[in-house]
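Shown here: input.tsv, TSV, C-alpha atoms and all ligand atoms.
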```tsv
chain	number	residue	atom	x	y	z
M	1	MET	CA	0.00	0.00	0.00
M	2	ILE	CA	1.29	3.44	-0.91
M	3	ILE	CA	0.25	6.81	0.53
M	4	LEU	CA	0.32	9.27	-2.37
M	5	THR	CA	1.79	12.56	-1.23
M	6	CYS	CA	3.43	13.85	-4.40
M	7	PRO	CA	1.31	16.76	-5.78
M	8	PHE	CA	2.13	15.72	-9.34
M	9	LYS	CA	0.88	12.16	-8.76
M	10	LEU	CA	-2.24	13.47	-7.01
M	11	GLN	CA	-2.99	15.67	-10.03
M	12	LEU	CA	-2.50	12.67	-12.29
M	13	LEU	CA	-4.82	10.59	-10.11
M	14	GLU	CA	-7.49	13.30	-10.31
M	15	GLY	CA	-7.41	13.07	-14.10
M	16	VAL	CA	-7.60	9.26	-14.06
M	17	LEU	CA	-10.53	9.28	-11.63
M	18	ARG	CA	-12.36	11.84	-13.78
M	19	ARG	CA	-12.50	9.21	-16.51
M	20	SER	CA	-14.12	6.74	-14.09
M	21	LEU	CA	-17.18	8.76	-13.14
M	22	PRO	CA	-19.76	8.28	-11.78
M	23	GLN	CA	-18.37	5.23	-9.88
M	24	ALA	CA	-15.36	7.20	-8.61
M	25	LEU	CA	-17.38	10.28	-7.53
M	26	PRO	CA	-16.71	10.36	-3.76
M	27	VAL	CA	-13.00	9.55	-4.19
M	28	TYR	CA	-12.70	12.02	-7.07
M	29	GLY	CA	-14.36	14.79	-5.02
M	30	THR	CA	-12.03	14.10	-2.08
M	31	VAL	CA	-8.93	14.11	-4.28
M	32	MET	CA	-10.07	17.41	-5.81
M	33	HIS	CA	-10.33	18.93	-2.32
M	34	ILE	CA	-6.92	17.48	-1.37
M	35	ASN	CA	-5.44	19.11	-4.47
M	36	ARG	CA	-7.04	22.46	-3.59
M	37	GLY	CA	-5.79	23.09	-0.07
M	38	ASN	CA	-6.96	19.89	1.65
M	39	PRO	CA	-9.32	21.51	4.19
M	40	ALA	CA	-10.33	18.16	5.76
M	41	GLN	CA	-6.70	16.92	5.98
M	42	HIS	CA	-7.37	13.75	4.03
M	43	GLU	CA	-4.86	11.48	2.33
M	44	VAL	CA	-4.91	8.95	-0.49
M	45	VAL	CA	-3.89	5.30	-0.31
M	46	VAL	CA	-3.42	3.20	-3.47
M	47	ASP	CA	-2.58	-0.50	-3.78
M	48	SER	CA	0.10	0.23	-6.38
M	49	TRP	CA	1.23	3.08	-8.58
M	50	PRO	CA	0.82	4.18	-11.33
M	51	GLU	CA	-1.30	1.14	-12.30
M	52	PHE	CA	-3.56	1.13	-9.25
M	53	LYS	CA	-6.45	-1.31	-8.84
M	54	ALA	CA	-7.91	0.18	-5.66
M	55	VAL	CA	-7.81	3.61	-4.07
M	56	LEU	CA	-9.03	4.82	-0.70
M	57	THR	CA	-9.20	8.26	0.89
M	58	ARG	CA	-9.11	8.73	4.66
M	59	PRO	CA	-8.27	11.39	7.27
M	60	CYS	CA	-4.53	11.77	7.93
M	61	LYS	CA	-3.36	10.08	11.13
M	62	GLU	CA	-4.07	12.10	14.31
M	63	VAL	CA	-6.93	14.06	12.67
M	64	VAL	CA	-9.67	11.99	14.32
M	65	LYS	CA	-8.76	11.34	17.94
M	66	ASP	CA	-12.20	10.29	19.17
M	67	LYS	CA	-12.66	6.54	18.65
M	68	TRP	CA	-16.46	6.90	18.32
M	69	ASP	CA	-16.51	9.82	15.87
M	70	PHE	CA	-17.78	8.33	12.61
M	71	TYR	CA	-18.85	11.80	11.44
M	72	ALA	CA	-15.25	12.96	11.04
M	73	ASN	CA	-13.65	9.58	10.26
M	74	LEU	CA	-14.65	9.62	6.59
M	75	HIS	CA	-13.34	7.12	4.08
M	76	ALA	CA	-14.19	6.65	0.40
M	77	THR	CA	-13.12	3.96	-1.99
M	78	PHE	CA	-12.99	3.16	-5.69
M	79	TYR	CA	-11.67	-0.01	-7.30
M	80	ARG	CA	-11.03	-1.55	-10.69
M	81	ASP	CA	-10.53	-5.00	-9.19
M	82	VAL	CA	-12.72	-6.12	-6.31
M	83	ASP	CA	-9.99	-8.41	-4.90
M	84	ALA	CA	-7.69	-5.40	-4.64
M	85	CYS	CA	-10.49	-3.55	-2.82
M	86	GLN	CA	-10.85	-6.50	-0.43
M	87	ALA	CA	-7.09	-6.55	0.27
M	88	MET	CA	-7.11	-2.83	0.91
M	89	LEU	CA	-10.13	-2.76	3.24
M	90	GLU	CA	-8.81	-5.76	5.21
M	91	ASN	CA	-5.40	-4.21	5.71
M	92	ALA	CA	-5.10	-2.87	9.28
M	93	GLU	CA	-2.55	-0.34	8.01
M	94	VAL	CA	-5.23	1.16	5.76
M	95	ILE	CA	-8.34	1.09	7.98
M	96	ASP	CA	-8.49	0.83	11.75
M	97	TRP	CA	-11.63	-1.28	12.27
M	98	SER	CA	-11.42	-0.79	16.04
M	99	LYS	CA	-12.55	2.82	15.53
M	100	ALA	CA	-15.93	4.05	14.26
M	101	PHE	CA	-15.76	5.20	10.64
M	102	GLN	CA	-17.79	5.85	7.51
M	103	LEU	CA	-17.05	4.28	4.18
M	104	GLN	CA	-18.64	5.72	1.06
M	105	GLY	CA	-18.56	4.47	-2.49
M	106	ILE	CA	-20.67	3.86	-5.58
M	107	GLN	CA	-19.77	0.23	-6.35
M	108	ASP	CA	-21.75	-2.79	-5.16
M	109	GLY	CA	-18.57	-4.84	-4.57
M	110	MET	CA	-17.26	-2.45	-1.92
M	111	TYR	CA	-20.44	-2.98	0.12
M	112	GLU	CA	-20.22	-6.79	-0.13
M	113	VAL	CA	-16.54	-6.74	0.83
M	114	ALA	CA	-17.05	-4.37	3.78
M	115	LYS	CA	-20.02	-6.44	5.03
M	116	GLY	CA	-17.91	-9.60	5.00
M	117	ILE	CA	-15.03	-7.96	6.87
M	118	ALA	CA	-17.38	-6.44	9.47
M	119	GLU	CA	-18.93	-9.87	10.11
M	120	ALA	CA	-15.52	-11.52	10.44
M	121	ARG	CA	-14.36	-8.82	12.86
M	122	HIS	CA	-17.64	-8.78	14.81
M	123	VAL	CA	-18.11	-5.04	14.36
M	124	HIS	CA	-21.40	-3.36	13.59
M	125	LEU	CA	-22.01	-2.14	10.02
M	126	LYS	CA	-25.11	-0.12	9.20
M	127	PRO	CA	-25.66	0.45	5.47
M	128	TYR	CA	-27.53	3.43	4.02
M	129	LEU	CA	-28.38	3.05	0.35
M	130	TYR	CA	-29.02	6.23	-1.62
M	131	GLN	CA	-29.80	6.89	-5.25
M	132	THR	CA	-26.95	8.74	-6.94
M	133	CYS	CA	-27.98	12.09	-8.45
M	134	LEU	CA	-25.60	13.82	-10.84
M	135	HIS	CA	-26.00	17.10	-12.66
M	136	PRO	CA	-24.74	16.89	-16.25
M	137	GLY	CA	-23.81	20.60	-15.81
M	138	PRO	CA	-23.56	23.48	-16.10
M	139	PRO	CA	-26.50	24.21	-13.76
M	140	ALA	CA	-29.16	26.29	-15.53
M	141	SER	CA	-30.66	29.46	-14.12
M	142	CYS	CA	-34.30	28.36	-13.96
M	143	GLN	CA	-37.09	30.75	-13.22
M	144	SER	CA	-37.69	30.84	-9.47
M	145	ARG	CA	-41.10	31.16	-7.80
M	146	LEU	CA	-39.50	32.22	-4.54
M	147	LYS	CA	-41.13	34.83	-2.34
M	148	SER	CA	-39.40	38.17	-2.78
M	149	ASP	CA	-38.86	38.59	0.96
M	150	PHE	CA	-36.35	35.70	1.00
M	151	HIS	CA	-32.70	36.37	0.25
M	152	PHE	CA	-29.67	34.18	-0.44
M	153	SER	CA	-26.82	34.00	2.04
M	154	VAL	CA	-24.11	31.68	3.32
M	155	LEU	CA	-24.04	29.90	6.64
M	156	ASN	CA	-21.56	30.69	9.38
M	157	PRO	CA	-20.53	28.36	12.25
M	158	SER	CA	-23.02	30.02	14.63
M	159	HIS	CA	-25.80	28.39	12.57
M	160	ALA	CA	-24.49	24.88	13.30
M	161	PRO	CA	-26.72	24.25	16.38
M	162	ILE	CA	-29.83	25.00	14.27
M	163	LEU	CA	-28.70	22.55	11.58
M	164	ASN	CA	-27.74	20.00	14.21
M	165	ASN	CA	-31.25	20.06	15.72
M	166	ALA	CA	-32.85	19.67	12.29
M	167	TRP	CA	-30.59	16.80	11.13
M	168	ASP	CA	-31.95	13.25	11.48
M	169	PHE	CA	-28.40	11.93	12.06
M	170	GLY	CA	-27.46	14.82	14.34
M	171	GLY	CA	-28.37	16.14	17.76
M	172	ASN	CA	-25.10	15.32	19.52
M	173	THR	CA	-21.77	17.06	20.13
M	174	ARG	CA	-19.90	15.06	17.47
M	175	SER	CA	-22.45	15.92	14.78
M	176	LEU	CA	-22.34	19.56	15.89
M	177	ARG	CA	-18.54	19.64	15.55
M	178	TYR	CA	-18.84	18.02	12.10
M	179	LEU	CA	-21.42	20.57	10.89
M	180	GLU	CA	-19.28	23.47	12.14
M	181	HIS	CA	-16.37	22.00	10.17
M	182	LEU	CA	-18.45	21.67	6.97
M	183	ILE	CA	-19.76	25.23	7.29
M	184	ARG	CA	-16.27	26.60	7.89
M	185	TYR	CA	-14.44	24.81	5.08
M	186	PHE	CA	-16.82	23.70	2.28
M	187	PRO	CA	-19.21	25.57	-0.05
M	188	ASN	CA	-22.79	26.04	1.18
M	189	SER	CA	-25.86	28.11	0.37
M	190	CYS	CA	-28.90	29.14	2.33
M	191	LEU	CA	-32.04	31.24	2.18
M	192	MET	CA	-33.05	33.62	4.94
M	193	ASN	CA	-36.28	35.49	5.57
M	194	LYS	CA	-36.67	39.24	6.03
M	195	GLY	CA	-35.79	38.94	9.70
M	196	GLY	CA	-32.51	37.15	8.90
M	197	GLN	CA	-33.80	33.78	10.15
M	198	LEU	CA	-32.84	30.59	8.31
M	199	VAL	CA	-35.44	29.19	5.92
M	200	SER	CA	-33.59	26.55	3.86
M	201	TRP	CA	-29.99	25.38	3.29
M	202	SER	CA	-27.64	22.91	1.65
M	203	LEU	CA	-24.04	22.08	2.53
M	204	SER	CA	-21.30	20.17	0.75
M	205	ASP	CA	-18.84	17.80	2.39
M	206	PRO	CA	-15.23	16.56	2.06
M	207	PHE	CA	-16.35	14.29	-0.82
M	208	ALA	CA	-17.59	17.47	-2.59
M	209	CYS	CA	-21.03	15.88	-2.32
M	210	MET	CA	-24.05	18.11	-1.70
M	211	ALA	CA	-25.64	17.13	1.60
M	212	HIS	CA	-27.85	18.27	4.48
M	213	GLY	CA	-30.54	19.85	2.30
M	214	TYR	CA	-33.31	21.15	4.55
M	215	THR	CA	-36.28	23.53	4.54
M	216	PHE	CA	-38.18	24.36	7.73
M	217	SER	CA	-41.64	22.80	7.52
M	218	GLN	CA	-43.54	26.12	7.39
M	219	TYR	CA	-41.70	27.06	4.18
M	220	ARG	CA	-41.93	23.72	2.33
M	221	GLY	CA	-43.46	23.38	-1.14
M	222	GLN	CA	-42.52	26.96	-2.12
M	223	GLY	CA	-39.44	26.16	-4.20
M	224	CYS	CA	-36.94	27.02	-1.41
M	225	ILE	CA	-34.68	23.98	-1.66
M	226	GLN	CA	-34.70	24.24	-5.46
M	227	ALA	CA	-33.37	27.79	-5.23
M	228	VAL	CA	-30.75	26.70	-2.70
M	229	ILE	CA	-29.74	23.67	-4.85
M	230	GLN	CA	-29.35	25.95	-7.84
M	231	SER	CA	-27.18	28.35	-5.85
M	232	ILE	CA	-24.82	25.74	-4.35
M	233	SER	CA	-24.66	23.81	-7.66
M	234	LYS	CA	-23.40	26.95	-9.39
M	235	LYS	CA	-20.71	27.45	-6.74
M	236	LEU	CA	-19.49	23.85	-6.99
M	237	HIS	CA	-19.57	23.88	-10.78
M	238	ALA	CA	-17.75	27.21	-10.96
M	239	SER	CA	-14.91	25.69	-8.90
M	240	GLY	CA	-14.76	22.70	-11.26
M	241	PHE	CA	-16.37	20.16	-8.90
M	242	PRO	CA	-18.85	17.56	-10.06
M	243	VAL	CA	-22.36	18.44	-8.89
M	244	TYR	CA	-23.84	15.38	-7.22
M	245	CYS	CA	-25.59	14.01	-4.16
M	246	GLY	CA	-27.30	10.93	-2.77
M	247	VAL	CA	-31.03	10.81	-2.11
M	248	LEU	CA	-33.12	8.21	-0.30
M	249	PRO	CA	-35.38	6.40	-2.81
M	250	GLU	CA	-38.50	7.29	-0.80
M	251	ASN	CA	-37.68	11.01	-0.53
M	252	GLN	CA	-40.06	12.11	-3.29
M	253	SER	CA	-39.89	15.85	-2.58
M	254	SER	CA	-36.08	15.87	-2.72
M	255	LYS	CA	-36.08	13.83	-5.94
M	256	GLN	CA	-38.66	16.14	-7.48
M	257	ALA	CA	-36.64	19.22	-6.50
M	258	LEU	CA	-33.41	17.72	-7.89
M	259	LYS	CA	-35.07	16.68	-11.17
M	260	HIS	CA	-36.49	20.18	-11.58
M	261	GLN	CA	-32.94	21.51	-11.25
M	262	GLY	CA	-31.70	19.24	-14.03
M	263	PHE	CA	-30.17	16.40	-11.98
M	264	ARG	CA	-30.23	12.87	-13.37
M	265	ILE	CA	-31.04	10.03	-11.04
M	266	LEU	CA	-28.56	7.29	-11.92
M	267	LEU	CA	-28.93	3.55	-11.57
M	268	GLU	CA	-25.81	3.36	-9.37
M	269	ILE	CA	-26.38	3.07	-5.62
M	270	TYR	CA	-24.49	5.49	-3.39
M	271	TYR	CA	-23.44	3.46	-0.35
M	272	MET	CA	-22.85	5.09	2.99
M	273	LEU	CA	-21.67	2.46	5.47
M	274	ILE	CA	-21.32	3.32	9.14
M	275	VAL	CA	-19.03	0.99	11.04
M	276	THR	CA	-18.94	1.06	14.83
M	277	PRO	CA	-16.88	-1.15	17.12
M	278	VAL	CA	-18.60	-3.27	19.73
M	279	ILE	CA	-18.54	-1.60	23.15
M	280	ASN	CA	-15.91	-3.21	25.35
M	281	LEU	CA	-16.97	-2.65	28.95
M	282	LYS	CA	-13.41	-3.24	30.15
M	283	GLU	CA	-12.09	-0.17	28.27
M	301	LIG	C1	-36.86	17.65	1.05
M	301	LIG	C2	-37.01	19.12	1.40
M	301	LIG	C3	-35.61	19.72	1.57
M	301	LIG	C4	-37.76	19.84	0.28
M	301	LIG	O1	-37.72	21.24	0.54
M	301	LIG	P1	-38.79	22.27	-0.13
M	301	LIG	O2	-38.21	23.62	0.04
M	301	LIG	O3	-40.13	22.00	0.36
M	301	LIG	O4	-38.68	21.79	-1.65
M	301	LIG	P2	-39.23	22.59	-2.96
M	301	LIG	O5	-40.52	23.27	-2.63
M	301	LIG	O6	-38.11	23.43	-3.50
M	301	LIG	O7	-39.44	21.39	-3.98
M	301	LIG	C5	-40.10	20.20	-3.62
M	301	LIG	C6	-40.86	19.65	-4.80
M	301	LIG	O8	-41.34	18.36	-4.48
M	301	LIG	C7	-42.77	18.36	-4.59
M	301	LIG	N1	-43.25	17.39	-3.62
M	301	LIG	C8	-43.50	17.58	-2.30
M	301	LIG	N2	-43.93	16.41	-1.76
M	301	LIG	C9	-43.93	15.50	-2.77
M	301	LIG	C10	-44.29	14.12	-2.86
M	301	LIG	N3	-44.71	13.45	-1.79
M	301	LIG	N4	-44.19	13.49	-4.06
M	301	LIG	C11	-43.74	14.14	-5.16
M	301	LIG	N5	-43.41	15.47	-5.13
M	301	LIG	C12	-43.50	16.12	-3.94
M	301	LIG	C13	-43.18	19.79	-4.39
M	301	LIG	O9	-44.46	20.06	-4.89
M	301	LIG	C14	-42.07	20.48	-5.16
M	301	LIG	O10	-42.24	20.31	-6.56
M	301	LIG	P3	-42.90	21.49	-7.49
M	301	LIG	O11	-41.84	22.54	-7.62
M	301	LIG	O12	-43.18	20.78	-8.79
M	301	LIG	O13	-44.11	21.96	-6.77
M	301	LIG	C15	-37.82	19.31	2.72
M	301	LIG	O14	-39.02	18.58	2.61
M	301	LIG	C16	-37.07	18.85	3.96
M	301	LIG	O15	-36.35	19.62	4.58
M	301	LIG	N6	-37.23	17.55	4.32
M	301	LIG	C17	-36.53	16.99	5.48
M	301	LIG	C18	-35.04	16.81	5.23
M	301	LIG	C19	-34.74	16.09	3.92
M	301	LIG	O16	-35.39	15.12	3.56
M	301	LIG	N7	-33.70	16.57	3.26
M	301	LIG	C20	-33.25	16.07	1.98
M	301	LIG	C21	-32.08	15.21	2.14
M	301	LIG	S1	-31.55	14.58	0.55
```
In structure tokens, what does this structure look like?
Amino acid sequence: MIILTCPFKLQLLEGVLRRSLPQALPVYGTVMHINRGNPAQHEVVVDSWPEFKAVLTRPCKEVVKDKWDFYANLHATFYRDVDACQAMLENAEVIDWSKAFQLQGIQDGMYEVAKGIAEARHVHLKPYLYQTCLHPGPPASCQSRLKSDFHFSVLNPSHAPILNNAWDFGGNTRSLRYLEHLIRYFPNSCLMNKGGQLVSWSLSDPFACMAHGYTFSQYRGQGCIQAVIQSISKKLHASGFPVYCGVLPENQSSKQALKHQGFRILLEIYYMLIVTPVINLKE
């Protein structure tokens, strides 16, 4: 296993991954962020170079100190050979399975492999299966039916507690810290009302994936998230990022909003796997 640190090789890898979209999306987005200042302090591991068969991105050592923090301990993988993916995920030098972590990817094999390893190691793996939505770009400027008393803005870290309360996966100090980090370092967009109160927002994450779309219930069905999606899509596209996200199959309003904004819902499943170690009462 090789940790790629050479900026020239990382640029080369970005170009190679670009030719493997959409399957490489989360790894590609992470490598793009690494090559543009690396705000999440991630690093890239490949099985071999330059002819790699599997690639994984993860936080640099010492970035995530809390063993239970799967919000920050973000990994993504892409493979050309599922056996190489298996070898990489099994390797204790590559992933520390005694810590909580997330693994994201858009290939069925990575899920099967991770499930098998989790069973063998007796750790808990919870899969979340999303539909992959990709904008063919550039995002169009559609006519908006937004109320004129709403205005666009960007979030600042003081908004994180509001987002944390609204987030289904949130509501704890680790999720709060994660949201503050996203707001501080990655593109986002939001709508506010006349009084400067939040109405609707969308963030993006270290995979350059749009996430955390939300509209307060009293403002739903008025085109708010569509306006926010359009705004953040333009920012991501203008910086050269792919414009994509995952959506739960049953989330009809999100899918409708994304389709209206020109996104295509792909056949590929976006896997988000949350791995947590078994609690050892002796620790
Ligand atoms: C999903 C969510 C962000 C949508 O926000 P919103 O501001 O109400 O969305 P918009 O009004 O911009 O667009 C929603 C579209 O879906 C439509 N819609 C609403 N419910 C629907 C349903 N059950 N089936 C199909 N379409 C539906 C709306 O009519 C609208 O389409 P239209 O423009 O043709 O009228 C909001 O419901 C929310 O915050 N949900 C909880 C969090 C969540 O699910 N986030 C998304 C994570 S991917």
Give me, as CSV, each residue of chain M that comes within 8 Å of ligand LIG 301 (chain M), together with its shortest interatomic pair and the distance in Å at one decimal, counting all atoms listed in the file, with rows ordered by chain and rising residue number.
```
residue,atom,partner,partner_atom,distance
M:Ala166,CA,M:LIG301,C18,7.9
M:Trp167,CA,M:LIG301,C18,7.4
M:Asp168,CA,M:LIG301,C18,7.8
M:Ser200,CA,M:LIG301,O2,6.7
M:Ala211,CA,M:LIG301,S1,6.5
M:His212,CA,M:LIG301,C21,5.7
M:Gly213,CA,M:LIG301,N7,4.7
M:Tyr214,CA,M:LIG301,O15,3.4
M:Thr215,CA,M:LIG301,O15,3.9
M:Phe216,CA,M:LIG301,O15,6.0
M:Ser217,CA,M:LIG301,O15,6.8
M:Tyr219,CA,M:LIG301,O2,6.4
M:Arg220,CA,M:LIG301,O3,3.2
M:Gly221,CA,M:LIG301,O5,3.3
M:Gln222,CA,M:LIG301,O5,4.2
M:Gly223,CA,M:LIG301,O6,3.1
M:Cys224,CA,M:LIG301,O2,3.9
M:Ile225,CA,M:LIG301,O6,3.9
M:Gln226,CA,M:LIG301,O6,4.0
M:Ala227,CA,M:LIG301,O6,6.7
M:Cys245,CA,M:LIG301,S1,7.6
M:Gly246,CA,M:LIG301,S1,6.5
M:Val247,CA,M:LIG301,S1,4.6
M:Leu248,CA,M:LIG301,S1,6.6
M:Asn251,CA,M:LIG301,O16,6.2
M:Gln252,CA,M:LIG301,N4,4.4
M:Ser253,CA,M:LIG301,O8,3.5
M:Ser254,CA,M:LIG301,C1,4.2
M:Lys255,CA,M:LIG301,O8,7.1
M:Gln256,CA,M:LIG301,O8,4.6
M:Ala257,CA,M:LIG301,O7,4.3
M:His260,CA,M:LIG301,O11,7.1
```
Test item: which residues lie within 10 Å of (-21.9, 15.9, -5.1) counting all atoms listed in the file, as a PyMOL selection string: chain M and resi 25-26+29+132-135+204-211+233+236+241-246
With a distance cut-off of 12 Å and all atoms listed in the file, select the neighbouring residues of M:His42, excluding the residue or stretch itself and same-chain residues fewer than 4 positions from it, and output the selection as a tab-separated table (two decimals) with C-alpha atoms, keeping the file's coordinate frame.
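Contents of the output file selection.tsv:
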```tsv
chain	number	residue	atom	x	y	z
M	3	ILE	CA	0.25	6.81	0.53
M	4	LEU	CA	0.32	9.27	-2.37
M	5	THR	CA	1.79	12.56	-1.23
M	27	VAL	CA	-13.00	9.55	-4.19
M	29	GLY	CA	-14.36	14.79	-5.02
M	30	THR	CA	-12.03	14.10	-2.08
M	31	VAL	CA	-8.93	14.11	-4.28
M	32	MET	CA	-10.07	17.41	-5.81
M	33	HIS	CA	-10.33	18.93	-2.32
M	34	ILE	CA	-6.92	17.48	-1.37
M	35	ASN	CA	-5.44	19.11	-4.47
M	36	ARG	CA	-7.04	22.46	-3.59
M	37	GLY	CA	-5.79	23.09	-0.07
M	38	ASN	CA	-6.96	19.89	1.65
M	56	LEU	CA	-9.03	4.82	-0.70
M	57	THR	CA	-9.20	8.26	0.89
M	58	ARG	CA	-9.11	8.73	4.66
M	59	PRO	CA	-8.27	11.39	7.27
M	60	CYS	CA	-4.53	11.77	7.93
M	61	LYS	CA	-3.36	10.08	11.13
M	62	GLU	CA	-4.07	12.10	14.31
M	63	VAL	CA	-6.93	14.06	12.67
M	64	VAL	CA	-9.67	11.99	14.32
M	72	ALA	CA	-15.25	12.96	11.04
M	73	ASN	CA	-13.65	9.58	10.26
M	74	LEU	CA	-14.65	9.62	6.59
M	75	HIS	CA	-13.34	7.12	4.08
M	76	ALA	CA	-14.19	6.65	0.40
M	206	PRO	CA	-15.23	16.56	2.06
M	207	PHE	CA	-16.35	14.29	-0.82
```
In Å, rounded to a single decimal, give me how far atom CA of M:Glu112 is from atom CA of M:Met272. 12.6 Å
Gap from atom CA of M:Ala24 to atom CA of M:Gly105 - Å, one decimal: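 Pair atom CA of M:Ala24 / atom CA of M:Gly105 returns 7.4 Å.
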Report the centre and edge lengths, in Å to one decimal, of an axis-aligned box enclosing every atom of stretch 216-226 of chain M listed in the file, padded by 4 Å on each side, as AutoDock Vina command-line options.
```
--center_x -39.1 --center_y 24.9 --center_z 1.1 --size_x 16.9 --size_y 12.3 --size_z 21.2
```
Wanna dump the stretch 29-102 of chain M-stretch 116-120 of chain M contacts at 12 Å for me, each residue with its shortest atom pair and the distance in Å to one decimal, counting only C-alpha atoms, ordered by chain and number, as CSV?
```
residue,atom,partner,partner_atom,distance
M:Cys85,CA,M:Ile117,CA,11.6
M:Gln86,CA,M:Ile117,CA,8.5
M:Ala87,CA,M:Ile117,CA,10.4
M:Met88,CA,M:Ile117,CA,11.2
M:Leu89,CA,M:Ile117,CA,8.0
M:Glu90,CA,M:Ile117,CA,6.8
M:Asn91,CA,M:Ile117,CA,10.4
M:Ala92,CA,M:Ile117,CA,11.4
M:Ile95,CA,M:Ile117,CA,11.3
M:Asp96,CA,M:Ala118,CA,11.7
M:Trp97,CA,M:Ala118,CA,8.2
M:Ser98,CA,M:Ala118,CA,10.5
M:Ala100,CA,M:Ala118,CA,11.6
M:Phe101,CA,M:Ala118,CA,11.8
```
If you keep C-alpha atoms, can you produce a file of those selected residues as a PDB file, in the coordinates of the input?
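Done, and the output landed in selection_1.pdb:
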```
ATOM      1  CA  CYS M  85     -10.490  -3.550  -2.820  1.00  0.00           C
ATOM      2  CA  GLN M  86     -10.850  -6.500  -0.430  1.00  0.00           C
ATOM      3  CA  ALA M  87      -7.090  -6.550   0.270  1.00  0.00           C
ATOM      4  CA  MET M  88      -7.110  -2.830   0.910  1.00  0.00           C
ATOM      5  CA  LEU M  89     -10.130  -2.760   3.240  1.00  0.00           C
ATOM      6  CA  GLU M  90      -8.810  -5.760   5.210  1.00  0.00           C
ATOM      7  CA  ASN M  91      -5.400  -4.210   5.710  1.00  0.00           C
ATOM      8  CA  ALA M  92      -5.100  -2.870   9.280  1.00  0.00           C
ATOM      9  CA  ILE M  95      -8.340   1.090   7.980  1.00  0.00           C
ATOM     10  CA  ASP M  96      -8.490   0.830  11.750  1.00  0.00           C
ATOM     11  CA  TRP M  97     -11.630  -1.280  12.270  1.00  0.00           C
ATOM     12  CA  SER M  98     -11.420  -0.790  16.040  1.00  0.00           C
ATOM     13  CA  ALA M 100     -15.930   4.050  14.260  1.00  0.00           C
ATOM     14  CA  PHE M 101     -15.760   5.200  10.640  1.00  0.00           C
TER      15      PHE M 101
END
```
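Minimum atom-to-atom distance to M:Val199, evaluated using all atoms listed in the file, belongs to M:Ile162 out of M:Leu125, M:Ala140, M:Val45, M:Ile162.
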Work out how far apart atom CA of M:Lys99 and atom CA of M:Met1 are and give it in Å to one decimal.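 Straight-line distance from atom CA of M:Lys99 to atom CA of M:Met1 works out to 20.2 Å.
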Go through M:Gln102, M:Asn188, M:Ser231, M:Gln261 one by one, measure the shortest atom-to-atom distance of each to M:Tyr128 using all atoms listed in the file, and give the residue with the smallest value.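 Closest to M:Tyr128, using all atoms listed in the file: M:Gln102.
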With distances taken over all atoms listed in the file, the candidate from M:Val275, M:Ile269, M:Ser202, M:Leu182 nearest M:Ala40 is M:Leu182
Residue nearest M:Leu179 among M:Val46, M:Leu163, M:Ile2, M:Val154 (counting all atoms listed in the file): M:Leu163
Just the residues within 9 Å of M:Arg184, please, counting all atoms listed in the file, with nothing from its chain fewer than 6 positions along; format it as a PyMOL selection string. chain M and resi 155-157
Counting all atoms listed in the file, which of M:Val228, M:Val16, M:Ala160, M:Leu10 gets nearest to M:Val44?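 Selected residue with least distance to M:Val44: M:Leu10.
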Determine the nearest neighbour of M:Ser175 from the options M:Tyr28, M:Trp201, M:Phe8, M:Trp68, counting only C-alpha atoms. M:Trp68
